[in-house]
>>> print(open('input-v1.tsv').read())   # TSV, C-alpha atoms and all ligand atoms
chain	number	residue	atom	x	y	z
Q	1	MET	CA	129.08	99.49	212.82
Q	2	ALA	CA	126.15	99.36	215.25
Q	3	HIS	CA	122.77	98.81	213.64
Q	4	SER	CA	119.37	98.47	215.23
Q	5	THR	CA	117.72	96.20	212.66
Q	6	PRO	CA	119.35	92.80	212.17
Q	7	ALA	CA	120.48	91.80	208.69
Q	8	PHE	CA	117.81	89.99	206.68
Q	9	GLY	CA	118.69	87.02	204.51
Q	10	LEU	CA	116.56	84.90	202.21
Q	11	TYR	CA	117.23	81.20	201.79
Q	12	ILE	CA	115.50	79.41	198.91
Q	13	HIS	CA	115.51	75.62	199.06
Q	14	VAL	CA	115.37	73.79	195.73
Q	15	PRO	CA	114.36	70.26	196.72
Q	16	PHE	CA	115.50	68.33	193.64
Q	17	CYS	CA	118.55	66.30	192.63
Q	18	ALA	CA	119.20	64.24	189.49
Q	19	SER	CA	119.94	61.31	191.81
Q	20	ARG	CA	120.40	60.88	195.55
Q	21	CYS	CA	123.83	60.56	197.12
Q	22	GLY	CA	123.84	57.71	199.63
Q	23	TYR	CA	125.21	59.79	202.52
Q	24	CYS	CA	122.92	62.84	202.27
Q	25	ASP	CA	119.73	63.34	204.28
Q	26	PHE	CA	118.83	66.80	203.00
Q	27	ASN	CA	115.22	67.30	201.97
Q	28	THR	CA	115.59	66.55	198.29
Q	29	TYR	CA	113.89	64.32	195.71
Q	30	VAL	CA	114.45	63.06	192.19
Q	31	PRO	CA	111.88	65.21	190.33
Q	32	GLU	CA	108.89	63.53	188.74
Q	33	GLY	CA	109.27	65.75	185.67
Q	34	ARG	CA	109.74	69.32	184.50
Q	35	GLY	CA	106.18	70.12	185.57
Q	36	GLN	CA	107.01	69.46	189.21
Q	37	GLN	CA	110.01	71.76	189.03
Q	38	LEU	CA	107.97	74.58	187.52
Q	39	GLN	CA	105.24	74.01	190.10
Q	40	PHE	CA	107.89	74.44	192.79
Q	41	VAL	CA	109.10	77.74	191.27
Q	42	ASP	CA	105.53	79.10	191.12
Q	43	ALA	CA	104.98	78.08	194.73
Q	44	ALA	CA	108.25	79.64	195.90
Q	45	LEU	CA	107.26	82.91	194.19
Q	46	LEU	CA	103.94	82.81	196.06
Q	47	GLU	CA	105.80	82.22	199.33
Q	48	LEU	CA	107.97	85.29	198.66
Q	49	ASP	CA	104.82	87.41	198.29
Q	50	HIS	CA	103.42	85.82	201.43
Q	51	ALA	CA	106.67	86.65	203.29
Q	52	ARG	CA	106.44	90.28	202.17
Q	53	GLU	CA	102.87	90.51	203.46
Q	54	ARG	CA	103.80	88.92	206.77
Q	55	ILE	CA	106.89	90.92	207.68
Q	56	GLY	CA	106.56	94.07	205.59
Q	57	GLU	CA	109.41	96.01	204.10
Q	58	ARG	CA	112.87	94.57	204.72
Q	59	ARG	CA	115.90	95.09	202.55
Q	60	VAL	CA	117.50	91.75	201.63
Q	61	SER	CA	121.21	91.70	202.41
Q	62	SER	CA	121.83	88.17	201.14
Q	63	VAL	CA	120.12	85.49	199.09
Q	64	PHE	CA	121.26	81.88	199.19
Q	65	VAL	CA	119.70	79.36	196.83
Q	66	GLY	CA	120.56	75.93	198.18
Q	67	GLY	CA	119.43	72.40	197.86
Q	68	GLY	CA	119.17	69.86	196.61
Q	69	THR	CA	120.67	70.92	193.34
Q	70	PRO	CA	119.49	74.44	192.46
Q	71	THR	CA	121.20	74.34	189.07
Q	72	LEU	CA	119.08	71.32	188.09
Q	73	ILE	CA	116.07	73.61	187.53
Q	74	GLY	CA	118.04	75.74	185.03
Q	75	ALA	CA	119.19	79.36	184.85
Q	76	ASP	CA	115.81	80.75	183.74
Q	77	ALA	CA	114.02	79.30	186.75
Q	78	LEU	CA	116.75	80.51	189.14
Q	79	LEU	CA	116.55	84.00	187.66
Q	80	ARG	CA	112.75	83.99	188.03
Q	81	LEU	CA	113.26	83.25	191.72
Q	82	LEU	CA	115.75	86.09	192.07
Q	83	GLU	CA	113.40	88.49	190.29
Q	84	GLY	CA	110.70	87.37	192.71
Q	85	VAL	CA	112.94	88.32	195.65
Q	86	ASP	CA	113.64	91.70	194.13
Q	87	ARG	CA	109.96	92.33	193.41
Q	88	ALA	CA	108.81	91.30	196.87
Q	89	PHE	CA	111.51	92.93	198.98
Q	90	GLY	CA	114.18	94.66	196.92
Q	91	LEU	CA	117.81	93.64	197.06
Q	92	ALA	CA	120.40	95.78	198.83
Q	93	GLU	CA	122.88	97.35	196.43
Q	94	ASP	CA	125.73	95.17	197.73
Q	95	ALA	CA	123.63	92.04	198.40
Q	96	GLU	CA	125.47	88.73	198.25
Q	97	VAL	CA	123.55	86.38	195.95
Q	98	THR	CA	124.73	82.78	196.01
Q	99	THR	CA	123.61	79.62	194.33
Q	100	GLU	CA	124.85	76.16	195.18
Q	101	ALA	CA	125.70	74.10	192.11
Q	102	ASN	CA	126.72	70.56	191.32
Q	103	PRO	CA	129.75	70.60	189.00
Q	104	GLU	CA	128.09	68.41	186.37
Q	105	SER	CA	124.97	70.58	186.25
Q	106	VAL	CA	126.58	73.86	185.11
Q	107	ASP	CA	128.30	75.00	181.94
Q	108	PRO	CA	129.82	78.32	180.84
Q	109	ALA	CA	126.62	79.59	179.19
Q	110	MET	CA	124.54	78.88	182.28
Q	111	LEU	CA	127.10	80.49	184.57
Q	112	ARG	CA	127.15	83.59	182.35
Q	113	SER	CA	123.33	83.86	182.47
Q	114	LEU	CA	123.33	83.52	186.25
Q	115	ARG	CA	126.03	86.15	186.63
Q	116	GLN	CA	124.29	88.57	184.27
Q	117	GLY	CA	121.01	88.03	186.08
Q	118	GLY	CA	122.45	89.09	189.45
Q	119	PHE	CA	124.06	86.05	191.09
Q	120	ASN	CA	127.54	87.02	192.31
Q	121	ARG	CA	128.66	83.95	194.28
Q	122	VAL	CA	128.58	80.26	193.45
Q	123	SER	CA	129.28	77.33	195.75
Q	124	LEU	CA	130.27	74.12	193.99
Q	125	GLY	CA	130.00	70.66	195.53
Q	126	MET	CA	133.43	69.26	194.68
Q	127	GLN	CA	133.72	66.84	197.65
Q	128	SER	CA	136.87	65.04	196.51
Q	129	ALA	CA	139.45	64.82	193.74
Q	130	SER	CA	139.75	61.03	194.04
Q	131	PRO	CA	137.61	58.98	191.65
Q	132	HIS	CA	137.10	56.13	194.14
Q	133	VAL	CA	135.97	58.57	196.87
Q	134	LEU	CA	133.53	60.26	194.49
Q	135	ARG	CA	132.20	56.82	193.61
Q	136	ALA	CA	131.82	55.87	197.28
Q	137	LEU	CA	129.84	59.11	197.75
Q	138	ASP	CA	127.65	58.35	194.67
Q	139	ARG	CA	128.72	61.63	193.09
Q	140	ALA	CA	128.05	62.00	189.39
Q	141	HIS	CA	130.99	64.24	188.43
Q	142	THR	CA	134.53	63.31	187.48
Q	143	PRO	CA	137.43	64.64	189.60
Q	144	GLY	CA	138.49	67.38	187.20
Q	145	ARG	CA	135.00	68.71	186.56
Q	146	ALA	CA	134.63	70.67	189.82
Q	147	VAL	CA	137.90	72.54	189.32
Q	148	GLN	CA	136.94	73.24	185.70
Q	149	ALA	CA	133.53	74.55	186.80
Q	150	ALA	CA	135.22	76.87	189.33
Q	151	ILE	CA	137.40	78.28	186.56
Q	152	GLU	CA	134.35	78.70	184.31
Q	153	ALA	CA	132.54	80.53	187.12
Q	154	ARG	CA	135.37	83.00	187.51
Q	155	GLU	CA	135.53	83.48	183.74
Q	156	ALA	CA	131.79	84.17	183.76
Q	157	GLY	CA	132.51	87.05	186.17
Q	158	PHE	CA	131.59	85.58	189.56
Q	159	GLU	CA	133.33	87.64	192.26
Q	160	HIS	CA	133.22	84.81	194.75
Q	161	VAL	CA	133.53	81.09	194.12
Q	162	SER	CA	133.50	78.44	196.84
Q	163	LEU	CA	134.16	74.70	196.88
Q	164	ASP	CA	132.62	72.18	199.28
Q	165	LEU	CA	134.79	69.24	200.29
Q	166	ILE	CA	134.09	66.14	202.38
Q	167	TYR	CA	136.74	64.24	204.36
Q	168	GLY	CA	136.70	60.89	206.12
Q	169	THR	CA	134.83	58.91	203.47
Q	170	PRO	CA	135.41	55.16	203.94
Q	171	GLY	CA	138.30	54.15	201.67
Q	172	GLU	CA	139.79	57.65	201.60
Q	173	SER	CA	143.49	57.73	202.57
Q	174	ASP	CA	145.52	60.69	203.85
Q	175	ALA	CA	147.16	60.77	200.42
Q	176	ASP	CA	143.72	61.00	198.74
Q	177	TRP	CA	142.83	63.92	200.99
Q	178	GLU	CA	146.17	65.61	200.35
Q	179	HIS	CA	145.49	65.30	196.64
Q	180	THR	CA	141.98	66.76	197.10
Q	181	LEU	CA	143.37	69.73	199.06
Q	182	GLU	CA	145.96	70.37	196.34
Q	183	ALA	CA	143.36	70.21	193.60
Q	184	ALA	CA	140.91	72.47	195.46
Q	185	LEU	CA	143.59	75.08	196.16
Q	186	GLY	CA	144.72	74.82	192.54
Q	187	ALA	CA	141.26	75.98	191.44
Q	188	GLY	CA	142.11	79.38	192.96
Q	189	THR	CA	138.75	79.97	194.67
Q	190	ASP	CA	138.47	82.52	197.50
Q	191	HIS	CA	136.48	80.20	199.81
Q	192	ILE	CA	136.48	76.51	200.72
Q	193	SER	CA	134.27	74.59	203.13
Q	194	ALA	CA	135.41	71.18	204.34
Q	195	TYR	CA	132.97	68.90	206.17
Q	196	ALA	CA	133.61	65.71	208.07
Q	197	LEU	CA	131.40	63.01	206.55
Q	198	THR	CA	128.60	62.29	209.03
Q	199	VAL	CA	126.56	59.11	209.17
Q	200	GLU	CA	122.91	60.09	208.85
Q	201	PRO	CA	120.30	57.55	209.95
Q	202	GLY	CA	117.79	56.92	207.20
Q	203	THR	CA	120.34	57.19	204.38
Q	204	ALA	CA	121.74	54.31	202.32
Q	205	PHE	CA	125.17	55.00	203.84
Q	206	GLY	CA	123.68	54.99	207.35
Q	207	ALA	CA	122.03	51.63	206.66
Q	208	ALA	CA	125.28	50.13	205.31
Q	209	VAL	CA	127.16	51.28	208.42
Q	210	ARG	CA	124.44	49.81	210.64
Q	211	ARG	CA	124.59	46.47	208.79
Q	212	GLY	CA	128.38	46.52	209.14
Q	213	THR	CA	129.04	46.32	205.40
Q	214	VAL	CA	130.74	49.74	205.43
Q	215	ALA	CA	133.05	51.00	208.19
Q	216	PRO	CA	131.96	54.24	209.85
Q	217	PRO	CA	134.27	57.26	209.42
Q	218	ASP	CA	137.23	57.06	211.78
Q	219	ASP	CA	137.43	59.89	214.37
Q	220	ASP	CA	141.23	60.01	214.41
Q	221	ALA	CA	141.44	60.09	210.63
Q	222	GLN	CA	138.88	62.90	210.52
Q	223	ALA	CA	140.78	64.94	213.12
Q	224	ARG	CA	144.02	64.41	211.19
Q	225	ARG	CA	142.39	65.50	207.94
Q	226	TYR	CA	140.93	68.61	209.56
Q	227	ARG	CA	144.45	69.57	210.69
Q	228	MET	CA	145.82	68.85	207.21
Q	229	ALA	CA	143.13	71.07	205.68
Q	230	ASP	CA	143.71	73.91	208.12
Q	231	GLU	CA	147.46	73.77	207.55
Q	232	ARG	CA	147.24	73.69	203.75
Q	233	PHE	CA	144.54	76.34	203.51
Q	234	SER	CA	146.31	78.73	205.92
Q	235	ALA	CA	149.57	78.36	204.04
Q	236	ALA	CA	147.71	79.24	200.82
Q	237	GLY	CA	146.15	82.38	202.37
Q	238	LEU	CA	142.68	80.99	203.17
Q	239	HIS	CA	141.93	81.53	206.86
Q	240	TRP	CA	139.33	79.84	209.02
Q	241	TYR	CA	136.44	82.07	210.07
Q	242	GLU	CA	133.98	79.30	210.99
Q	243	LEU	CA	134.63	75.69	212.03
Q	244	SER	CA	134.25	74.29	208.51
Q	245	SER	CA	134.94	77.38	206.37
Q	246	TRP	CA	138.06	79.16	205.19
Q	247	ALA	CA	138.13	82.43	203.22
Q	248	ARG	CA	140.71	84.59	201.50
Q	249	ASP	CA	139.48	87.79	203.24
Q	250	ASP	CA	136.40	89.35	204.83
Q	251	ALA	CA	134.70	89.95	201.49
Q	252	ALA	CA	135.08	86.27	200.57
Q	253	ARG	CA	133.25	85.00	203.68
Q	254	CYS	CA	129.79	83.61	203.17
Q	255	HIS	CA	127.80	86.56	204.49
Q	256	HIS	CA	124.58	84.63	204.22
Q	257	ASN	CA	125.86	81.96	206.61
Q	258	LEU	CA	127.08	84.71	208.94
Q	259	THR	CA	123.41	85.77	209.15
Q	260	TYR	CA	122.69	82.38	210.75
Q	261	TRP	CA	125.75	82.38	212.98
Q	262	ARG	CA	124.94	85.87	214.27
Q	263	SER	CA	121.31	84.91	214.85
Q	264	ASP	CA	120.09	87.67	212.56
Q	265	ASP	CA	116.81	87.28	210.66
Q	266	TRP	CA	116.20	85.04	207.69
Q	267	TRP	CA	113.23	83.66	205.83
Q	268	GLY	CA	113.56	80.16	204.36
Q	269	VAL	CA	111.47	79.69	201.23
Q	270	GLY	CA	110.74	76.19	199.93
Q	271	PRO	CA	109.83	72.70	201.15
Q	272	GLY	CA	111.27	71.97	204.60
Q	273	ALA	CA	113.02	75.37	204.80
Q	274	HIS	CA	113.54	76.89	208.27
Q	275	SER	CA	113.02	80.56	209.15
Q	276	HIS	CA	114.00	82.83	212.03
Q	277	VAL	CA	112.46	86.27	212.22
Q	278	ALA	CA	112.24	88.46	215.32
Q	279	GLY	CA	112.98	85.56	217.68
Q	280	VAL	CA	110.38	83.18	216.20
Q	281	ARG	CA	111.41	80.04	214.33
Q	282	TRP	CA	109.30	77.97	212.02
Q	283	TRP	CA	109.71	75.44	209.25
Q	284	ASN	CA	107.78	74.43	206.17
Q	285	VAL	CA	106.19	71.13	205.23
Q	286	ARG	CA	108.81	68.90	203.63
Q	287	ARG	CA	107.05	67.37	200.62
Q	288	PRO	CA	107.21	69.49	197.43
Q	289	HIS	CA	103.67	68.53	196.47
Q	290	GLU	CA	102.18	69.44	199.84
Q	291	TYR	CA	104.18	72.66	199.84
Q	292	ALA	CA	102.93	73.70	196.40
Q	293	GLN	CA	99.34	72.75	197.27
Q	294	ALA	CA	99.31	74.90	200.42
Q	295	LEU	CA	100.52	77.98	198.58
Q	296	ALA	CA	98.25	77.44	195.58
Q	297	ALA	CA	95.32	77.31	198.01
Q	298	GLY	CA	96.43	80.58	199.64
Q	299	ARG	CA	97.61	78.86	202.85
Q	300	SER	CA	100.94	79.24	204.65
Q	301	PRO	CA	103.29	76.27	203.99
Q	302	ALA	CA	104.53	76.40	207.60
Q	303	ALA	CA	104.35	73.07	209.44
Q	304	ALA	CA	105.22	74.20	212.97
Q	305	ARG	CA	106.87	76.97	214.94
Q	306	GLU	CA	108.73	77.33	218.21
Q	307	LEU	CA	109.97	79.88	220.70
Q	308	LEU	CA	113.20	78.81	222.38
Q	309	THR	CA	113.39	78.70	226.18
Q	310	GLU	CA	115.99	80.84	228.01
Q	311	GLN	CA	118.12	77.74	228.47
Q	312	GLU	CA	117.97	76.78	224.79
Q	313	LEU	CA	118.81	80.35	223.80
Q	314	ALA	CA	121.83	80.33	226.12
Q	315	LEU	CA	123.10	77.04	224.63
Q	316	GLU	CA	122.59	78.40	221.17
Q	317	ALA	CA	124.48	81.61	221.95
Q	318	VAL	CA	127.48	79.53	223.11
Q	319	MET	CA	127.26	77.31	220.04
Q	320	LEU	CA	126.99	80.13	217.55
Q	321	GLY	CA	129.58	82.34	219.26
Q	322	LEU	CA	132.23	79.68	219.52
Q	323	ARG	CA	131.93	78.33	216.01
Q	324	THR	CA	133.18	81.55	214.43
Q	325	ARG	CA	136.59	83.12	214.69
Q	326	GLY	CA	135.01	86.21	216.30
Q	327	GLY	CA	134.45	84.05	219.38
Q	328	LEU	CA	132.12	84.28	222.33
Q	329	SER	CA	131.93	87.15	224.81
Q	330	LEU	CA	132.54	85.80	228.32
Q	331	ALA	CA	129.82	88.19	229.47
Q	332	ALA	CA	127.31	85.83	227.81
Q	333	LEU	CA	128.30	83.00	230.19
Q	334	SER	CA	127.14	82.09	233.69
Q	335	PRO	CA	129.82	82.16	236.45
Q	336	ALA	CA	130.05	78.36	236.08
Q	337	GLY	CA	130.44	78.82	232.32
Q	338	VAL	CA	133.32	81.27	232.84
Q	339	ARG	CA	135.05	78.76	235.14
Q	340	ALA	CA	134.54	76.05	232.48
Q	341	ALA	CA	136.05	78.40	229.87
Q	342	GLN	CA	139.11	78.86	232.09
Q	343	ARG	CA	139.47	75.07	232.42
Q	344	GLN	CA	139.21	74.65	228.64
Q	345	ALA	CA	141.81	77.40	228.19
Q	346	ASP	CA	144.13	75.53	230.60
Q	347	ARG	CA	143.71	72.43	228.37
Q	348	GLY	CA	144.71	74.47	225.31
Q	349	ARG	CA	141.29	74.37	223.70
Q	350	LEU	CA	140.33	78.03	224.19
Q	351	GLU	CA	142.17	81.29	223.98
Q	352	LEU	CA	140.84	83.98	226.34
Q	353	SER	CA	141.61	87.59	225.60
Q	354	ASP	CA	139.79	90.92	226.00
Q	355	GLY	CA	136.82	89.16	227.55
Q	356	VAL	CA	136.33	86.91	224.51
Q	357	ALA	CA	136.77	83.12	224.23
Q	358	ARG	CA	138.01	81.75	220.91
Q	359	LEU	CA	138.61	78.14	219.92
Q	360	THR	CA	142.22	77.17	219.29
Q	361	LEU	CA	142.98	74.63	216.54
Q	362	GLU	CA	142.91	71.91	219.23
Q	363	GLY	CA	139.59	73.34	220.47
Q	364	ARG	CA	138.08	73.26	216.98
Q	365	LEU	CA	138.69	69.51	216.92
Q	366	PHE	CA	136.69	69.14	220.13
Q	367	ALA	CA	134.21	71.96	219.55
Q	368	ASP	CA	131.15	69.93	220.60
Q	369	ALA	CA	132.73	68.97	223.93
Q	370	VAL	CA	133.84	72.56	224.62
Q	371	ILE	CA	130.36	73.88	223.84
Q	372	ARG	CA	128.79	71.32	226.20
Q	373	GLU	CA	131.19	72.23	229.00
Q	374	LEU	CA	130.52	75.96	228.68
Q	375	SER	CA	126.77	75.67	228.59
Q	376	ASP	CA	126.30	73.14	231.41
Q	401	LIG	C1	123.26	69.24	200.74
Q	401	LIG	S1	124.49	69.75	199.61
Q	401	LIG	C2	123.65	70.81	198.53
Q	401	LIG	C3	124.50	71.29	197.38
Q	401	LIG	C4	124.86	70.31	196.30
Q	401	LIG	N1	123.81	69.45	195.96
Q	401	LIG	C5	126.07	69.52	196.66
Q	401	LIG	O1	125.94	68.33	196.86
Q	401	LIG	O2	127.13	70.12	196.76
Q	401	LIG	C6	125.51	70.85	200.56
Q	401	LIG	C7	126.71	70.19	201.15
Q	401	LIG	O3	126.33	69.30	202.18
Q	401	LIG	C8	127.21	68.20	202.14
Q	401	LIG	N2	126.68	67.05	202.86
Q	401	LIG	C9	125.51	66.42	202.67
Q	401	LIG	N3	125.39	65.34	203.49
Q	401	LIG	C10	126.53	65.30	204.22
Q	401	LIG	C11	127.03	64.41	205.23
Q	401	LIG	N4	126.33	63.33	205.62
Q	401	LIG	N5	128.26	64.66	205.77
Q	401	LIG	C12	128.98	65.72	205.37
Q	401	LIG	N6	128.57	66.58	204.41
Q	401	LIG	C13	127.37	66.38	203.84
Q	401	LIG	C14	127.29	67.97	200.64
Q	401	LIG	O4	128.29	67.11	200.26
Q	401	LIG	C15	127.47	69.37	200.12
Q	401	LIG	O5	128.79	69.75	200.05
Q	402	LIG	S1	124.74	65.88	198.49
Q	402	LIG	FE1	123.88	67.41	197.09
Q	402	LIG	S2	123.62	66.26	195.14
Q	402	LIG	FE2	123.86	64.74	196.73
Q	402	LIG	S3	121.74	64.20	197.33
Q	402	LIG	FE3	122.51	65.78	198.77
Q	402	LIG	S4	121.81	67.67	197.91
Q	402	LIG	FE4	121.67	66.14	196.26
>>> encode(input="input-v1.tsv", output="structure tokens")
Amino acid sequence: MAHSTPAFGLYIHVPFCASRCGYCDFNTYVPEGRGQQLQFVDAALLELDHARERIGERRVSSVFVGGGTPTLIGADALLRLLEGVDRAFGLAEDAEVTTEANPESVDPAMLRSLRQGGFNRVSLGMQSASPHVLRALDRAHTPGRAVQAAIEAREAGFEHVSLDLIYGTPGESDADWEHTLEAALGAGTDHISAYALTVEPGTAFGAAVRRGTVAPPDDDAQARRYRMADERFSAAGLHWYELSSWARDDAARCHHNLTYWRSDDWWGVGPGAHSHVAGVRWWNVRRPHEYAQALAAGRSPAAARELLTEQELALEAVMLGLRTRGGLSLAALSPAGVRAAQRQADRGRLELSDGVARLTLEGRLFADAVIRELSD
């Protein structure tokens, strides 16, 4: 259906984790105490009011509370944040309201409170079903806990439950990954994301790879595991709709993430959160203390903003279009880009039909290279 106003999503970043995983470079901290967590919630509520003043009335079509570990701050705090969204903007009747959760930080009572308070989707960081892989990733949960938490979420009435997996961890074998895929599918969720482990500079894992004490993830193994995942998920009725995400049907897709991939509008609340409204992008200061101080003093927590150049916008359009199953309209490409698309189609990486380019399975394995070719 054509609509003149883009969808509007709200992202709320909870910047706390009980401990840091060695591979993760997200903006998250071990909290100094409960006081710091409550100070963050107060500040985030102030930012929601500030957002309302800045952009006026907008109906919120999706809310995504991510982190960090949102569930670490507890159900009451998460529900206060959701009430703040509703007070400032108002939630659309059918709004998708997601929280990320670490398996060890939820229980049935908490999940019931979240569901009753308006959350309708939960995304659990399962990562792996192999104890030695979870250990290598510094994860705190046991293999069975993520599947159990997914079952508890469904029992608590969550319409949509998703699992996050990671493949290519040093020490992970194909058999480990097979076992993880089995276990994840056995949980019966309607959505799974699977990410190739990336080496982030500035993390403990990044430092170990640099020192040579840990082997970096192997490209061939990662490509093989992506194929294994796609095969197993498809056979079980979960279909890819974005490079790293598979869903049972349209309703099970992460509509909040589609807001990003369609370049609609979103406001990111919280330390380090990024926003994109009416073509302008900005991001907040990263440190929770600095963030809270700015808002308490009545100042915007924004650190900087940018307007993309024509060229950057064109690259982004190719990137966003190709990463989803909907594909990229060839009309968005330069004549050289269309010729590059034809070459990639000849190599079996793109499928061209009805004026739209879509990545094949082979193309998804080389998505970065295809995107570069088409936007040169
Ligand atoms: C940043 S976490 C936030 C949610 C929650 N704390 C969790 O760990 O699931 C979101 C997802 O990003 C993944 N992630 C973080 N760093 C990554 C990396 N270097 N490579 C691949 N995935 C990563 C996490 O494993 C997780 O599934
Ligand atoms: S992966 Fe999740 S739990 Fe681990 S440090 Fe990153 S945000 Fe925290």
>>> axis_aligned_box(input="input-v1.tsv", around="ligand LIG 401 (chain Q)", padding_each_side="5 Å", output="lines of an AutoDock Vina configuration file")
center_x = 126.1
center_y = 67.3
center_z = 200.9
size_x = 15.7
size_y = 18.0
size_z = 19.8
>>> residues_around(input="input-v1.tsv", residues="Gly90 of chain Q", least_positions_apart="5", cutoff="8 Å", atoms="all atoms listed in the file", output="PyMOL selection string")
chain Q and resi 58-60+85
>>> closest_residue(input="input-v1.tsv", among="Q:Ser173, Q:Ser61, Q:Trp246, Q:Asn102", to="Pro6 of chain Q", atoms="all atoms listed in the file")
Q:Ser61
>>> residues_near_ligand(input="input-v1.tsv", ligand="ligand LIG 402 (chain Q)", cutoff="6 Å", atoms="only C-alpha atoms and all ligand atoms", output="list of chain:residue names")
Q:Cys17, Q:Arg20, Q:Cys21, Q:Cys24, Q:Phe26, Q:Gly67, Q:Gly68, Q:Thr69
>>> residues_near_ligand(input="input-v1.tsv", ligand="ligand LIG 401 (chain Q)", cutoff="9 Å", atoms="all atoms listed in the file", output="ChimeraX atom specification")
/Q:16-17,21-28,66-71,99-103,123-127,137,139,163-167,193-200,203,205-206
>>> residues_around(input="input-v1.tsv", residues="Asp376 of chain Q", least_positions_apart="2", cutoff="9 Å", atoms="only C-alpha atoms", output="list in words")
Leu315, Ala336, Gly337, Ala340, Ile371, Arg372, Glu373 and Leu374 of chain Q
>>> closest_residue(input="input-v1.tsv", among="Q:Leu181, Q:Val41, Q:Val63, Q:Val269", to="Ala7 of chain Q", atoms="all atoms listed in the file")
Q:Val63
>>> residues_around(input="input-v1.tsv", residues="Gly363 of chain Q", least_positions_apart="2", cutoff="12 Å", atoms="all atoms listed in the file", output="PDB file with C-alpha atoms, keeping the file's coordinate frame")
ATOM      1  CA  ALA Q 223     140.780  64.940 213.120  1.00  0.00           C
ATOM      2  CA  TYR Q 226     140.930  68.610 209.560  1.00  0.00           C
ATOM      3  CA  ARG Q 227     144.450  69.570 210.690  1.00  0.00           C
ATOM      4  CA  LEU Q 243     134.630  75.690 212.030  1.00  0.00           C
ATOM      5  CA  LEU Q 322     132.230  79.680 219.520  1.00  0.00           C
ATOM      6  CA  ARG Q 323     131.930  78.330 216.010  1.00  0.00           C
ATOM      7  CA  ARG Q 325     136.590  83.120 214.690  1.00  0.00           C
ATOM      8  CA  GLY Q 327     134.450  84.050 219.380  1.00  0.00           C
ATOM      9  CA  ALA Q 341     136.050  78.400 229.870  1.00  0.00           C
ATOM     10  CA  GLN Q 344     139.210  74.650 228.640  1.00  0.00           C
ATOM     11  CA  ALA Q 345     141.810  77.400 228.190  1.00  0.00           C
ATOM     12  CA  ASP Q 346     144.130  75.530 230.600  1.00  0.00           C
ATOM     13  CA  ARG Q 347     143.710  72.430 228.370  1.00  0.00           C
ATOM     14  CA  GLY Q 348     144.710  74.470 225.310  1.00  0.00           C
ATOM     15  CA  ARG Q 349     141.290  74.370 223.700  1.00  0.00           C
ATOM     16  CA  LEU Q 350     140.330  78.030 224.190  1.00  0.00           C
ATOM     17  CA  GLU Q 351     142.170  81.290 223.980  1.00  0.00           C
ATOM     18  CA  ALA Q 357     136.770  83.120 224.230  1.00  0.00           C
ATOM     19  CA  ARG Q 358     138.010  81.750 220.910  1.00  0.00           C
ATOM     20  CA  LEU Q 359     138.610  78.140 219.920  1.00  0.00           C
ATOM     21  CA  THR Q 360     142.220  77.170 219.290  1.00  0.00           C
ATOM     22  CA  LEU Q 361     142.980  74.630 216.540  1.00  0.00           C
ATOM     23  CA  LEU Q 365     138.690  69.510 216.920  1.00  0.00           C
ATOM     24  CA  PHE Q 366     136.690  69.140 220.130  1.00  0.00           C
ATOM     25  CA  ALA Q 367     134.210  71.960 219.550  1.00  0.00           C
ATOM     26  CA  ASP Q 368     131.150  69.930 220.600  1.00  0.00           C
ATOM     27  CA  ALA Q 369     132.730  68.970 223.930  1.00  0.00           C
ATOM     28  CA  VAL Q 370     133.840  72.560 224.620  1.00  0.00           C
ATOM     29  CA  ILE Q 371     130.360  73.880 223.840  1.00  0.00           C
TER      30      ILE Q 371
END
>>> atom_distance(input="input-v1.tsv", atom1="atom CA of His274 of chain Q", atom2="atom CA of Trp261 of chain Q")
14.2 Å
>>> residues_around(input="input-v1.tsv", residues="segment 141-149 of chain Q", least_positions_apart="5", cutoff="10 Å", atoms="only C-alpha atoms", output="PyMOL selection string")
chain Q and resi 101-108+111+124-135+154-155+161+163-164+180+183-189
>>> residues_around(input="input-v1.tsv", residues="Arg286 of chain Q", least_positions_apart="4", cutoff="8 Å", atoms="all atoms listed in the file", output="PyMOL selection string")
chain Q and resi 27+271-273+290-291
